[in-house]
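A.B. asks: Handing you this structure, nothing more for now.
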Amino acid sequence: MASKYCILVIEDEKSICNFISKALTAHDYKVVCAYTGKDGLSLISSLCPDIILLDLGLPDMDGINIIHSVREWSSNQLIVVSARSKESDKVAALDAGADDYISKPFGISELLARIRTSIRHSNKSNTSSQSADRPYHALDLTINYQNHVVTRGDTVIHLTPIEYKIVTYLAKNSGKVHTYSSIMQHVWGPYIDVNNTKILRVNMANIRHKIELNPAAPQYIFTEIEVGYRFLDDSE
Ligand code: CA
């Protein structure tokens with residue numbers, strides 16, 4: 001039998017810990033809870049959990065500092081679960097190195113979906129580069145990274161080089177939210193002015209018109225308002 005995935009929940013509210021723990025245990029995950037940032041950090045190094053669920057508002061530390069500290073030495077999948085609803089907090093957490101973000105209150109099915117996405121990404125990054133070049137496929141959309149061809153059904157979609165770069169960046173990390181600044185730095189390089197998102201928004205509008213059947217009701221590219229974009233998860 002395959003060993004269970006281990007999930008560390010760093011959260012000071014015991015009722016939320018219990019709720020998450022019960023739900024995930026019922027889905028065959030191994031769950032460990034830490035109620036302080038300090039305990040969380042020491043469990044991350046001793047347990048090496050597959051996934052960390054991190055609350056930002058902890059009694060002894062700010063969760064953003066935990067993300068910075070974890071990212072100095074570990075690439076564990078880290079999902080922020082927080083009641084902080086300001087977009088700037090989400091952006092700060094993602095740019096500090098969080099892999100994803102869930103706002104409280106949340107449903108268990110959403111949490112499970114994000115966990116599955118994270119596990120798939122961590123498995124992917126552990127396998128050979130060959131599988132990284134495996135085409136993206138979801139609904140009718142296919143992106144063939146080897147010959148740079150994007151198709152929806154039988155239709156070939158013609159993207160400019162910049163549009164293609166944006167699409168492949170999002171698709172290779174599908175299911176996760178990407179901040180405007182991370183996309184812009186990936187596509188235009190480190191010196192781009194990330195505060196001026198107009199160039200990105202214009203390109204995204206063009207991409208949506210080409211990729212989506214109905215850009216007003218997108219199926220592939222979702223906007224996380226004032227945070228960034230999320231590409232429909234690869235249906236691997
Ligand atoms: Ca809290």
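Within each chain, counting starts at residue 1; across the structure tokens, chains are named A, B, ... in the order shown, with ligands numbered 1 upward in that order.
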I'd like the contact shell of segment 28-32 of chain A - 10 Å cut-off, only C-alpha atoms, skipping same-chain residues fewer than 5 positions apart - returned as a PDB file with N, CA, C and O atoms, in the first residue's frame.
C.D. replies:
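Done, and the output landed in out.pdb:
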ATOM      1  N   SER A   3       2.232   4.815   0.919  1.00  0.00           N
ATOM      2  CA  SER A   3       2.135   5.510   2.203  1.00  0.00           C
ATOM      3  C   SER A   3       1.253   6.742   2.040  1.00  0.00           C
ATOM      4  O   SER A   3       1.158   7.334   0.969  1.00  0.00           O
ATOM      5  N   LYS A   4       0.605   7.126   3.144  1.00  0.00           N
ATOM      6  CA  LYS A   4      -0.337   8.243   3.071  1.00  0.00           C
ATOM      7  C   LYS A   4       0.408   9.556   2.905  1.00  0.00           C
ATOM      8  O   LYS A   4       1.511   9.726   3.407  1.00  0.00           O
ATOM      9  N   TYR A   5      -0.231  10.501   2.231  1.00  0.00           N
ATOM     10  CA  TYR A   5       0.329  11.848   2.163  1.00  0.00           C
ATOM     11  C   TYR A   5       0.173  12.513   3.518  1.00  0.00           C
ATOM     12  O   TYR A   5      -0.866  12.394   4.168  1.00  0.00           O
ATOM     13  N   CYS A   6       1.207  13.214   3.928  1.00  0.00           N
ATOM     14  CA  CYS A   6       1.195  13.863   5.239  1.00  0.00           C
ATOM     15  C   CYS A   6       0.925  15.361   5.090  1.00  0.00           C
ATOM     16  O   CYS A   6       1.578  16.039   4.291  1.00  0.00           O
ATOM     17  N   ILE A   7      -0.049  15.827   5.843  1.00  0.00           N
ATOM     18  CA  ILE A   7      -0.417  17.243   5.773  1.00  0.00           C
ATOM     19  C   ILE A   7      -0.240  17.874   7.147  1.00  0.00           C
ATOM     20  O   ILE A   7      -0.769  17.382   8.138  1.00  0.00           O
ATOM     21  N   LEU A   8       0.530  18.947   7.190  1.00  0.00           N
ATOM     22  CA  LEU A   8       0.726  19.683   8.441  1.00  0.00           C
ATOM     23  C   LEU A   8      -0.176  20.912   8.424  1.00  0.00           C
ATOM     24  O   LEU A   8      -0.120  21.720   7.491  1.00  0.00           O
ATOM     25  N   VAL A   9      -1.010  21.028   9.453  1.00  0.00           N
ATOM     26  CA  VAL A   9      -1.907  22.176   9.564  1.00  0.00           C
ATOM     27  C   VAL A   9      -1.342  23.105  10.642  1.00  0.00           C
ATOM     28  O   VAL A   9      -1.228  22.703  11.804  1.00  0.00           O
ATOM     29  N   ILE A  10      -0.968  24.320  10.256  1.00  0.00           N
ATOM     30  CA  ILE A  10      -0.476  25.301  11.236  1.00  0.00           C
ATOM     31  C   ILE A  10      -1.587  26.324  11.428  1.00  0.00           C
ATOM     32  O   ILE A  10      -1.864  27.131  10.531  1.00  0.00           O
ATOM     33  N   CYS A  17      -8.669  23.491  13.303  1.00  0.00           N
ATOM     34  CA  CYS A  17      -7.734  22.359  13.185  1.00  0.00           C
ATOM     35  C   CYS A  17      -8.486  21.039  13.210  1.00  0.00           C
ATOM     36  O   CYS A  17      -8.236  20.155  12.389  1.00  0.00           O
ATOM     37  N   ASN A  18      -9.396  20.916  14.168  1.00  0.00           N
ATOM     38  CA  ASN A  18     -10.141  19.656  14.298  1.00  0.00           C
ATOM     39  C   ASN A  18     -11.001  19.390  13.072  1.00  0.00           C
ATOM     40  O   ASN A  18     -11.073  18.263  12.579  1.00  0.00           O
ATOM     41  N   ILE A  20     -10.545  20.522   9.958  1.00  0.00           N
ATOM     42  CA  ILE A  20      -9.707  20.147   8.809  1.00  0.00           C
ATOM     43  C   ILE A  20      -9.161  18.727   9.008  1.00  0.00           C
ATOM     44  O   ILE A  20      -9.182  17.897   8.103  1.00  0.00           O
ATOM     45  N   SER A  21      -8.705  18.474  10.215  1.00  0.00           N
ATOM     46  CA  SER A  21      -8.091  17.187  10.508  1.00  0.00           C
ATOM     47  C   SER A  21      -9.065  16.030  10.290  1.00  0.00           C
ATOM     48  O   SER A  21      -8.736  15.030   9.648  1.00  0.00           O
ATOM     49  N   LYS A  22     -10.289  16.179  10.799  1.00  0.00           N
ATOM     50  CA  LYS A  22     -11.299  15.126  10.618  1.00  0.00           C
ATOM     51  C   LYS A  22     -11.602  14.895   9.141  1.00  0.00           C
ATOM     52  O   LYS A  22     -11.653  13.766   8.666  1.00  0.00           O
ATOM     53  N   ALA A  23     -11.799  16.005   8.425  1.00  0.00           N
ATOM     54  CA  ALA A  23     -12.178  15.884   7.013  1.00  0.00           C
ATOM     55  C   ALA A  23     -11.059  15.228   6.197  1.00  0.00           C
ATOM     56  O   ALA A  23     -11.319  14.366   5.355  1.00  0.00           O
ATOM     57  N   GLY A  40       5.071  24.869  14.335  1.00  0.00           N
ATOM     58  CA  GLY A  40       4.904  24.565  12.916  1.00  0.00           C
ATOM     59  C   GLY A  40       6.242  24.431  12.221  1.00  0.00           C
ATOM     60  O   GLY A  40       6.504  23.460  11.514  1.00  0.00           O
ATOM     61  N   LEU A  43       8.036  21.285  13.168  1.00  0.00           N
ATOM     62  CA  LEU A  43       7.424  20.094  12.560  1.00  0.00           C
ATOM     63  C   LEU A  43       7.698  20.012  11.061  1.00  0.00           C
ATOM     64  O   LEU A  43       7.803  18.916  10.507  1.00  0.00           O
ATOM     65  N   LEU A  47       9.064  16.532  10.186  1.00  0.00           N
ATOM     66  CA  LEU A  47       8.102  15.654   9.502  1.00  0.00           C
ATOM     67  C   LEU A  47       8.266  15.615   7.992  1.00  0.00           C
ATOM     68  O   LEU A  47       7.881  14.652   7.356  1.00  0.00           O
ATOM     69  N   PRO A  49       6.402  17.330   5.765  1.00  0.00           N
ATOM     70  CA  PRO A  49       5.055  17.052   5.255  1.00  0.00           C
ATOM     71  C   PRO A  49       4.984  17.274   3.737  1.00  0.00           C
ATOM     72  O   PRO A  49       5.742  18.062   3.190  1.00  0.00           O
ATOM     73  N   ASP A  50       4.076  16.542   3.093  1.00  0.00           N
ATOM     74  CA  ASP A  50       3.885  16.750   1.652  1.00  0.00           C
ATOM     75  C   ASP A  50       3.251  18.105   1.403  1.00  0.00           C
ATOM     76  O   ASP A  50       3.535  18.757   0.413  1.00  0.00           O
ATOM     77  N   ILE A  51       2.349  18.488   2.305  1.00  0.00           N
ATOM     78  CA  ILE A  51       1.644  19.757   2.137  1.00  0.00           C
ATOM     79  C   ILE A  51       1.546  20.464   3.485  1.00  0.00           C
ATOM     80  O   ILE A  51       1.307  19.826   4.518  1.00  0.00           O
ATOM     81  N   ILE A  52       1.728  21.782   3.455  1.00  0.00           N
ATOM     82  CA  ILE A  52       1.551  22.600   4.655  1.00  0.00           C
ATOM     83  C   ILE A  52       0.328  23.484   4.420  1.00  0.00           C
ATOM     84  O   ILE A  52       0.249  24.166   3.399  1.00  0.00           O
TER      85      ILE A  52
END
A.B. asks: Give as a list in words the residues surrounding ligand 1 up to a distance of 6 Å, considering only C-alpha atoms and all ligand atoms.
C.D. replies: Glu11, Asp12, Glu13, Asp55, Gly57 and Leu58 of chain A
A.B. asks: Selection from above, all heavy atoms, as a PDB file, in the first residue's frame, can you write it?
C.D. replies:
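Written file, out.pdb:
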ATOM      1  N   GLU A  11      -2.232  26.252  12.557  1.00  0.00           N
ATOM      2  CA  GLU A  11      -3.477  27.009  12.778  1.00  0.00           C
ATOM      3  C   GLU A  11      -3.716  27.099  14.277  1.00  0.00           C
ATOM      4  O   GLU A  11      -3.680  26.083  14.973  1.00  0.00           O
ATOM      5  CB  GLU A  11      -4.615  26.246  12.076  1.00  0.00           C
ATOM      6  CG  GLU A  11      -6.016  26.572  12.488  1.00  0.00           C
ATOM      7  CD  GLU A  11      -6.463  27.942  12.022  1.00  0.00           C
ATOM      8  OE1 GLU A  11      -6.660  28.116  10.811  1.00  0.00           O
ATOM      9  OE2 GLU A  11      -6.591  28.827  12.885  1.00  0.00           O
ATOM     10  N   ASP A  12      -3.952  28.312  14.795  1.00  0.00           N
ATOM     11  CA  ASP A  12      -4.097  28.440  16.253  1.00  0.00           C
ATOM     12  C   ASP A  12      -5.518  28.173  16.740  1.00  0.00           C
ATOM     13  O   ASP A  12      -5.729  27.959  17.923  1.00  0.00           O
ATOM     14  CB  ASP A  12      -3.616  29.822  16.723  1.00  0.00           C
ATOM     15  CG  ASP A  12      -4.385  30.952  16.059  1.00  0.00           C
ATOM     16  OD1 ASP A  12      -4.609  30.870  14.837  1.00  0.00           O
ATOM     17  OD2 ASP A  12      -4.759  31.916  16.759  1.00  0.00           O
ATOM     18  N   GLU A  13      -6.497  28.197  15.841  1.00  0.00           N
ATOM     19  CA  GLU A  13      -7.868  27.924  16.299  1.00  0.00           C
ATOM     20  C   GLU A  13      -8.127  26.425  16.277  1.00  0.00           C
ATOM     21  O   GLU A  13      -8.203  25.809  15.217  1.00  0.00           O
ATOM     22  CB  GLU A  13      -8.873  28.654  15.402  1.00  0.00           C
ATOM     23  CG  GLU A  13      -9.062  30.112  15.796  1.00  0.00           C
ATOM     24  CD  GLU A  13     -10.026  30.811  14.878  1.00  0.00           C
ATOM     25  OE1 GLU A  13     -11.205  30.386  14.832  1.00  0.00           O
ATOM     26  OE2 GLU A  13      -9.603  31.753  14.200  1.00  0.00           O
ATOM     27  N   ASP A  55      -2.167  29.056   8.371  1.00  0.00           N
ATOM     28  CA  ASP A  55      -2.961  30.228   8.744  1.00  0.00           C
ATOM     29  C   ASP A  55      -1.989  31.394   8.875  1.00  0.00           C
ATOM     30  O   ASP A  55      -0.886  31.227   9.389  1.00  0.00           O
ATOM     31  CB  ASP A  55      -3.646  29.913  10.089  1.00  0.00           C
ATOM     32  CG  ASP A  55      -4.398  31.106  10.650  1.00  0.00           C
ATOM     33  OD1 ASP A  55      -4.884  31.933   9.858  1.00  0.00           O
ATOM     34  OD2 ASP A  55      -4.483  31.203  11.891  1.00  0.00           O
ATOM     35  N   GLY A  57      -2.601  34.371  10.535  1.00  0.00           N
ATOM     36  CA  GLY A  57      -2.697  35.053  11.823  1.00  0.00           C
ATOM     37  C   GLY A  57      -2.434  34.107  12.984  1.00  0.00           C
ATOM     38  O   GLY A  57      -3.350  33.476  13.498  1.00  0.00           O
ATOM     39  N   LEU A  58      -1.167  33.987  13.365  1.00  0.00           N
ATOM     40  CA  LEU A  58      -0.799  33.078  14.458  1.00  0.00           C
ATOM     41  C   LEU A  58      -0.389  33.901  15.676  1.00  0.00           C
ATOM     42  O   LEU A  58       0.029  35.051  15.536  1.00  0.00           O
ATOM     43  CB  LEU A  58       0.365  32.185  14.005  1.00  0.00           C
ATOM     44  CG  LEU A  58      -0.002  31.228  12.872  1.00  0.00           C
ATOM     45  CD1 LEU A  58       1.248  30.672  12.217  1.00  0.00           C
ATOM     46  CD2 LEU A  58      -0.883  30.097  13.392  1.00  0.00           C
TER      47      LEU A  58
END
A.B. asks: Val149 of chain A: which residues within 12 Å, counting only C-alpha atoms, same-chain residues fewer than 4 positions away excluded, as an MDAnalysis selection string?
C.D. replies: chainID A and resid 135:136 141:145 154:161 164 167:168
A.B. asks: What lies within 8 Å of segment 88-95 of chain A using only C-alpha atoms, ignoring chain neighbours under 3 positions off, as a ChimeraX atom specification?
C.D. replies: /A:64,67,80,84-85,98-101,178-179,182,227
A.B. asks: Limited to N, CA and C atoms, could you put the picked residues into a file as a compact mmCIF listing (two decimals), in the first residue's frame?
C.D. replies:
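What ended up in selection-v3.txt:
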# COMPACT_ATOMS: atom_id res chain seq x y z
N ILE A 64 3.37 35.23 7.06
CA ILE A 64 4.23 35.63 5.93
C ILE A 64 5.70 35.36 6.28
N ILE A 67 6.40 31.74 5.78
CA ILE A 67 6.60 31.39 4.36
C ILE A 67 8.04 31.73 3.95
N VAL A 80 -1.84 28.64 1.81
CA VAL A 80 -2.28 29.53 2.86
C VAL A 80 -3.80 29.40 3.02
N ARG A 84 -7.71 36.55 6.27
CA ARG A 84 -7.35 37.87 5.74
C ARG A 84 -7.86 37.94 4.31
N SER A 85 -8.75 38.87 4.10
CA SER A 85 -9.39 38.85 2.79
C SER A 85 -8.85 39.93 1.87
N ALA A 98 4.18 31.12 -1.24
CA ALA A 98 3.07 30.18 -1.06
C ALA A 98 2.65 29.65 -2.42
N ASP A 99 2.24 28.37 -2.46
CA ASP A 99 1.83 27.78 -3.74
C ASP A 99 0.39 28.10 -4.08
N ASP A 100 -0.41 28.33 -3.07
CA ASP A 100 -1.83 28.61 -3.33
C ASP A 100 -2.43 29.28 -2.11
N TYR A 101 -3.69 29.69 -2.23
CA TYR A 101 -4.33 30.49 -1.21
C TYR A 101 -5.81 30.13 -1.15
N HIS A 178 -1.65 32.58 -9.91
CA HIS A 178 -0.37 33.28 -10.12
C HIS A 178 -0.59 34.77 -10.01
N THR A 179 0.26 35.44 -9.27
CA THR A 179 0.09 36.89 -9.11
C THR A 179 0.50 37.60 -10.40
N SER A 182 4.27 37.89 -10.61
CA SER A 182 5.06 36.70 -10.98
C SER A 182 4.92 36.41 -12.47
N VAL A 227 -5.53 39.94 -7.70
CA VAL A 227 -4.45 39.05 -7.29
C VAL A 227 -3.72 38.53 -8.52
A.B. asks: Name the residues in contact with Ser42 of chain A at a cut-off of 12 Å, using only C-alpha atoms, excluding same-chain residues fewer than 3 positions from it; report them as a ChimeraX atom specification.
C.D. replies: /A:8,10,33-39,45-49,66,69-70
A.B. asks: Using only C-alpha atoms, determine which residues lie at most 6 Å from Leu56 of chain A, disregarding the query and same-chain residues fewer than 6 positions distant; provide the list as a ChimeraX atom specification.
C.D. replies: /A:62-63,82
A.B. asks: I'd like the neighbourhood of Ser174 of chain A as a ChimeraX atom specification, where a residue qualifies if any of its atoms comes within 10 Å (using only C-alpha atoms), though same-chain residues fewer than 4 positions away should be ignored.
C.D. replies: /A:117,121,136,167-170,178,220-221,229-235
A.B. asks: Atom CA of Gly107 of chain A to atom CA of Asn123 of chain A: how many Å, to one decimal?
C.D. replies: 24.6 Å
